[in-house]
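Colleague: Contents of model-v3.txt (compact mmCIF, C-alpha atoms):
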```txt
# COMPACT_ATOMS: atom_id res chain seq x y z
CA MET A 1 89.36 109.56 69.41
CA THR A 2 88.28 110.97 72.78
CA PRO A 3 90.00 109.08 75.60
CA ASN A 4 88.12 107.82 78.63
CA LEU A 5 90.44 109.20 81.28
CA GLN A 6 89.67 106.63 83.96
CA ILE A 7 90.09 103.67 81.63
CA GLU A 8 93.34 105.08 80.25
CA LEU A 9 94.75 105.68 83.74
CA ARG A 10 93.62 102.29 85.07
CA ARG A 11 95.67 100.61 82.34
CA PHE A 12 98.82 101.52 84.25
CA ILE A 13 97.76 99.67 87.43
CA SER A 14 98.92 96.15 86.61
CA SER A 15 99.29 93.29 89.08
CA ASN A 16 103.03 93.98 88.99
CA VAL A 17 102.49 97.58 90.14
CA VAL A 18 100.12 96.46 92.90
CA SER A 19 102.61 93.84 94.07
CA LYS A 20 105.45 96.39 94.20
CA LEU A 21 103.33 98.94 96.05
CA ASN A 22 102.32 96.33 98.57
CA LYS A 23 105.97 95.81 99.50
CA PHE A 24 105.58 99.22 101.18
CA TYR A 25 102.05 98.95 102.58
CA PHE A 26 101.05 95.29 103.19
CA GLU A 27 97.40 95.86 102.30
CA ASN A 28 94.88 93.49 100.76
CA ASP A 29 95.48 93.68 96.98
CA ALA A 30 91.80 94.28 96.16
CA LEU A 31 91.58 97.11 98.71
CA LEU A 32 94.78 98.67 97.40
CA ILE A 33 93.40 98.60 93.85
CA LYS A 34 90.14 100.11 95.06
CA GLY A 35 92.08 102.81 96.91
CA ILE A 36 94.02 103.72 93.78
CA ASP A 37 90.83 103.77 91.71
CA VAL A 38 89.12 106.04 94.25
CA SER A 39 92.22 108.24 94.36
CA ILE A 40 92.34 108.60 90.57
CA GLY A 41 88.67 109.59 90.50
CA THR A 42 89.24 112.03 93.35
CA ILE A 43 92.17 113.67 91.51
CA LEU A 44 90.10 113.98 88.32
CA MET A 45 87.22 115.62 90.19
CA GLY A 46 89.72 117.91 91.91
CA LEU A 47 90.78 119.00 88.43
CA TYR A 48 87.14 119.41 87.43
CA ASN A 49 86.67 121.82 90.34
CA LYS A 50 89.57 123.93 89.08
CA ALA A 51 88.24 124.24 85.53
CA GLU A 52 87.30 127.90 85.91
CA GLU A 53 90.73 128.96 87.19
CA SER A 54 92.62 130.44 84.27
CA ASP A 55 95.70 128.43 83.23
CA PHE A 56 95.45 126.13 86.28
CA TYR A 57 95.70 122.96 84.17
CA SER A 58 98.78 124.15 82.33
CA GLU A 59 100.40 125.33 85.55
CA ILE A 60 99.87 122.16 87.57
CA VAL A 61 100.97 119.92 84.71
CA SER A 62 104.10 122.05 84.28
CA LEU A 63 105.13 120.94 87.79
CA ILE A 64 105.89 117.53 86.27
CA GLN A 65 109.44 117.56 84.97
CA GLU A 66 110.41 115.17 82.19
CA ASP A 67 113.56 114.26 84.10
CA SER A 68 111.66 113.43 87.31
CA THR A 69 112.09 109.89 88.57
CA PHE A 70 108.39 109.02 88.44
CA TYR A 71 107.87 110.39 84.92
CA GLN A 72 110.81 108.45 83.55
CA GLU A 73 109.48 105.22 85.03
CA ILE A 74 106.34 105.30 82.86
CA ASP A 75 106.10 103.74 79.40
CA PHE A 76 103.12 105.74 78.13
CA ASN A 77 102.87 103.96 74.79
CA ALA A 78 102.65 100.53 76.41
CA GLY A 79 100.52 101.73 79.32
CA ARG A 80 103.01 100.42 81.86
CA ILE A 81 104.80 101.67 84.94
CA LEU A 82 108.25 100.15 84.64
CA SER A 83 109.44 100.55 88.20
CA VAL A 84 107.89 101.51 91.52
CA ASP A 85 109.94 103.16 94.24
CA ASP A 86 108.97 105.67 96.88
CA CYS A 87 109.86 108.83 94.91
CA TYR A 88 106.15 109.66 94.63
CA ARG A 89 105.93 110.28 98.38
CA ILE A 90 107.66 113.64 97.92
CA GLU A 91 106.90 114.41 94.29
CA GLY A 92 103.12 113.93 94.62
CA ASN A 93 102.62 116.02 97.73
CA ALA A 94 103.12 119.38 95.98
CA LEU A 95 100.49 118.46 93.41
CA LEU A 96 97.93 117.58 96.09
CA LYS A 97 98.53 120.90 97.84
CA GLU A 98 97.85 122.76 94.59
CA LEU A 99 94.75 120.72 93.90
CA PHE A 100 93.12 120.46 97.32
CA SER A 101 94.98 122.96 99.57
CA ASN A 102 93.54 122.63 103.11
CA LYS A 103 91.23 119.72 102.16
CA LYS A 104 94.13 117.37 101.44
CA GLY A 105 94.26 115.83 104.92
CA ARG A 106 90.49 115.33 105.13
CA ILE A 107 90.38 113.69 101.71
CA SER A 108 93.24 111.36 102.66
CA GLU A 109 91.48 110.30 105.87
CA MET A 110 88.22 109.76 104.00
CA VAL A 111 89.97 107.52 101.45
CA SER A 112 91.33 105.52 104.38
CA ASN A 113 87.92 105.26 106.06
CA GLU A 114 85.82 104.59 102.97
CA VAL A 115 88.16 102.04 101.37
CA GLY A 116 89.36 100.35 104.56
CA ILE A 117 93.11 100.90 104.25
CA LYS A 118 95.63 102.42 106.64
CA SER A 119 95.91 106.22 106.84
CA GLU A 120 99.52 106.13 105.68
CA THR A 121 98.58 104.01 102.67
CA ALA A 122 95.78 106.40 101.74
CA ARG A 123 98.16 109.39 101.90
CA GLU A 124 100.75 107.72 99.73
CA ILE A 125 98.45 106.32 97.07
CA LEU A 126 96.90 109.79 96.72
CA ASN A 127 100.44 111.07 96.04
CA PHE A 128 101.00 108.19 93.61
CA SER A 129 97.67 108.80 91.84
CA ALA A 130 98.26 112.55 91.58
CA LEU A 131 101.61 111.93 89.90
CA LEU A 132 100.12 109.33 87.57
CA VAL A 133 97.27 111.62 86.46
CA MET A 134 99.49 114.68 85.98
CA SER A 135 102.22 112.67 84.25
CA TYR A 136 99.63 111.27 81.84
CA LEU A 137 98.42 114.80 81.09
CA ARG A 138 102.03 116.02 80.79
CA TYR A 139 102.67 113.37 78.16
CA ASN A 140 99.36 114.13 76.40
CA LEU A 141 99.55 117.92 76.51
CA GLN A 142 97.04 118.22 73.69
CA LEU A 143 94.36 117.11 76.15
CA ILE A 144 94.80 120.23 78.30
CA GLU A 145 92.76 122.42 75.95
CA SER A 146 89.80 120.04 76.00
CA LEU A 147 90.24 118.76 79.58
CA LYS A 148 87.35 120.78 80.99
CA LEU A 149 84.96 119.34 78.37
CA LEU A 150 86.36 115.82 78.86
CA LEU A 151 85.82 115.96 82.61
CA GLU A 152 82.33 117.39 82.17
CA ASP A 153 81.43 114.62 79.76
CA GLN A 154 82.87 111.87 81.98
CA LYS A 155 81.83 113.42 85.30
CA ARG A 156 79.02 110.92 85.99
CA ASP A 157 81.22 107.84 85.66
CA ILE A 158 84.05 109.42 87.63
CA LEU A 159 81.76 110.42 90.50
CA ASN A 160 80.34 106.92 90.58
CA SER A 161 83.83 105.62 91.42
CA ILE A 162 84.10 107.92 94.46
CA PRO A 163 82.51 107.08 97.86
CA PRO A 164 79.87 109.51 99.21
CA GLY A 165 82.07 111.03 101.93
CA ILE A 166 84.72 112.09 99.43
CA LYS A 167 82.11 113.48 97.04
CA ILE A 168 80.80 115.72 99.81
CA ILE A 169 84.29 117.03 100.67
CA LEU A 170 84.78 117.82 96.97
CA GLY A 171 81.52 119.77 96.95
CA PHE A 172 79.24 117.27 95.22
CA SER A 173 76.02 115.83 96.58
CA SER A 174 76.35 112.18 97.57
CA TYR A 175 73.16 111.62 95.56
CA GLU A 176 74.28 113.57 92.51
CA THR A 177 74.98 110.45 90.50
CA VAL A 178 73.45 107.07 91.19
CA GLU A 179 74.11 104.26 88.77
CA ASP A 180 71.98 101.19 88.37
CA LYS A 181 72.50 98.92 91.40
CA ASN A 182 72.96 95.84 89.24
CA GLN A 183 75.81 97.56 87.42
CA SER A 184 77.66 98.59 90.56
CA ILE A 185 77.27 95.18 92.21
CA GLY A 186 78.15 93.25 89.09
CA ARG A 187 81.27 95.20 88.24
CA SER A 188 84.10 93.18 89.75
CA ILE A 189 87.61 94.31 90.44
CA PHE A 190 88.77 92.20 87.50
CA THR A 191 86.34 93.84 85.08
CA LEU A 192 87.30 97.24 86.44
CA PHE A 193 90.94 96.83 85.57
CA GLY A 194 90.58 94.49 82.61
CA HIS A 195 93.16 92.04 81.37
CA ASN A 196 96.01 94.38 82.31
CA PHE A 197 95.62 93.35 85.95
CA PHE A 198 97.12 90.01 84.99
CA SER A 199 99.88 91.34 82.75
CA PHE A 200 103.45 91.92 83.78
```
Could you render the structure as structure tokens?

Modeller:
Amino acid sequence: MTPNLQIELRRFISSNVVSKLNKFYFENDALLIKGIDVSIGTILMGLYNKAEESDFYSEIVSLIQEDSTFYQEIDFNAGRILSVDDCYRIEGNALLKELFSNKKGRISEMVSNEVGIKSETAREILNFSALLVMSYLRYNLQLIESLKLLLEDQKRDILNSIPPGIKIILGFSSYETVEDKNQSIGRSIFTLFGHNFFSF
């Protein structure tokens, strides 16, 4: 069965994870969730932009070591992050440099501006999201071969989760994908993250 990457990755963002992250950042929970969602979409579209670079996917995923702190804190079968500490601050930065190079700072500031969270929070949840996405792919290595096709197929939905300013930095038109207004207004934060938001 073909996985919906965003849905699969959102499963890991439980209320427990949000609560633990907010011990570092003191943001509104809903804004923090939105920031993570935007960051995950941004990382996925960063990967989409690298699809034509030979072996890029394999190389960036290989930067995730199985004995790394972040990787060991994820229960992939249960869709849970078992513990949240600040290891991702260092571990995620190298991934973002590979993915976005000199655009990393601009993307971070745009996440801050578009979501309404502090600049520091935006930087760190981008690191966190990069590690989550790459760890998921590291665990599901069989997806690497079909990742380009998966991202192409799911591109519309992913772009719809990213604010216009970030789309433009990533090289997409802000008008490239426009979903039905009733859908975007009606989709609440609780629907977005499903029942897992309430699970511990």

Colleague: Please determine, counting only C-alpha atoms, which residue among A:Asn16, A:Thr121, A:Ser101, A:Ser62 has the shortest atom-to-atom distance to Tyr136 in chain A.

Modeller: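 Closest to Tyr136 in chain A, using only C-alpha atoms: A:Ser62.
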
Colleague: Would you list the contacts of Leu47 in chain A as an NGL selection string, taking every protein, DNA or RNA residue within 12 Å and counting all atoms listed in the file, but skipping same-chain residues closer than 5 positions in sequence?

Modeller: :A and (40-42 or 52-53 or 55-61 or 95-96 or 98-100 or 130 or 133-134 or 137 or 144 or 147-152 or 155 or 158 or 170)

Colleague: Please produce an output containing C-alpha atoms for each residue in the selection, written as a PDB file, keeping the file's coordinate frame.

Modeller:
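As written to disk, result30.pdb reads:
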```pdb
ATOM      1  CA  ILE A  40      92.340 108.600  90.570  1.00  0.00           C
ATOM      2  CA  GLY A  41      88.670 109.590  90.500  1.00  0.00           C
ATOM      3  CA  THR A  42      89.240 112.030  93.350  1.00  0.00           C
ATOM      4  CA  GLU A  52      87.300 127.900  85.910  1.00  0.00           C
ATOM      5  CA  GLU A  53      90.730 128.960  87.190  1.00  0.00           C
ATOM      6  CA  ASP A  55      95.700 128.430  83.230  1.00  0.00           C
ATOM      7  CA  PHE A  56      95.450 126.130  86.280  1.00  0.00           C
ATOM      8  CA  TYR A  57      95.700 122.960  84.170  1.00  0.00           C
ATOM      9  CA  SER A  58      98.780 124.150  82.330  1.00  0.00           C
ATOM     10  CA  GLU A  59     100.400 125.330  85.550  1.00  0.00           C
ATOM     11  CA  ILE A  60      99.870 122.160  87.570  1.00  0.00           C
ATOM     12  CA  VAL A  61     100.970 119.920  84.710  1.00  0.00           C
ATOM     13  CA  LEU A  95     100.490 118.460  93.410  1.00  0.00           C
ATOM     14  CA  LEU A  96      97.930 117.580  96.090  1.00  0.00           C
ATOM     15  CA  GLU A  98      97.850 122.760  94.590  1.00  0.00           C
ATOM     16  CA  LEU A  99      94.750 120.720  93.900  1.00  0.00           C
ATOM     17  CA  PHE A 100      93.120 120.460  97.320  1.00  0.00           C
ATOM     18  CA  ALA A 130      98.260 112.550  91.580  1.00  0.00           C
ATOM     19  CA  VAL A 133      97.270 111.620  86.460  1.00  0.00           C
ATOM     20  CA  MET A 134      99.490 114.680  85.980  1.00  0.00           C
ATOM     21  CA  LEU A 137      98.420 114.800  81.090  1.00  0.00           C
ATOM     22  CA  ILE A 144      94.800 120.230  78.300  1.00  0.00           C
ATOM     23  CA  LEU A 147      90.240 118.760  79.580  1.00  0.00           C
ATOM     24  CA  LYS A 148      87.350 120.780  80.990  1.00  0.00           C
ATOM     25  CA  LEU A 149      84.960 119.340  78.370  1.00  0.00           C
ATOM     26  CA  LEU A 150      86.360 115.820  78.860  1.00  0.00           C
ATOM     27  CA  LEU A 151      85.820 115.960  82.610  1.00  0.00           C
ATOM     28  CA  GLU A 152      82.330 117.390  82.170  1.00  0.00           C
ATOM     29  CA  LYS A 155      81.830 113.420  85.300  1.00  0.00           C
ATOM     30  CA  ILE A 158      84.050 109.420  87.630  1.00  0.00           C
ATOM     31  CA  LEU A 170      84.780 117.820  96.970  1.00  0.00           C
TER      32      LEU A 170
END
```

Colleague: Could you please determine the separation between CA of Pro3 in chain A and CA of Ser135 in chain A in Å, to one decimal place?

Modeller: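 So the two atoms, CA of Pro3 in chain A and CA of Ser135 in chain A, lie 15.4 Å apart.
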
Colleague: Please list as a ChimeraX atom specification every residue within 10 Å of Gly35 in chain A, counting only C-alpha atoms and excluding residues in the same chain fewer than 2 positions away.

Modeller: /A:29-33,37-41,111-112,114-117,121-122,125-126,129,162

Colleague: One number please: CA of Glu66 in chain A to CA of Leu82 in chain A, in Å, one decimal.

Modeller: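 Computing the Euclidean distance for CA of Glu66 in chain A and CA of Leu82 in chain A yields 15.4 Å.
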
Colleague: So how many Å separate CA of Tyr71 in chain A and CA of Asn4 in chain A, to one decimal?

Modeller: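 Atom-to-atom, CA of Tyr71 in chain A and CA of Asn4 in chain A are spaced 20.9 Å apart.
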
Colleague: Could you check the closest approach to Asp75 in chain A for each of A:Arg11, A:Leu63, A:Ser161, A:Ser173 and tell me which residue wins, using only C-alpha atoms?

Modeller: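 Looking only at the distances to Asp75 in chain A, the closest residue turns out to be A:Arg11.
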
Colleague: Neighbouring residues of Lys118 in chain A were defined as those with any atom within 9 Å, considering all atoms listed in the file; residues of the same chain fewer than 4 positions away were excluded. Please report them as a PyMOL selection string.

Modeller: chain A and resi 25+27+109+112-113+122-123

Colleague: Smallest atom-to-atom distance to Gly165 in chain A: which of A:Ser19, A:Ser83, A:Ser108, A:Gln6, using only C-alpha atoms?

Modeller: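 Closest to Gly165 in chain A, using only C-alpha atoms: A:Ser108.
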
Colleague: Closest to Ser15 in chain A among A:Leu131, A:Leu159, A:Ile74, A:Ile81, using all atoms listed in the file?

Modeller: A:Ile81

Colleague: Would you mind telling me which residue in A:Tyr48, A:Gln72, A:Ser14, A:Gly92 lies nearest to Asp153 in chain A when using all atoms listed in the file?

Modeller: A:Tyr48

Colleague: Using only C-alpha atoms, which residue out of A:Ile169, A:Ile107, A:Gln154, A:Leu132 lies closest to Glu73 in chain A?

Modeller: A:Leu132
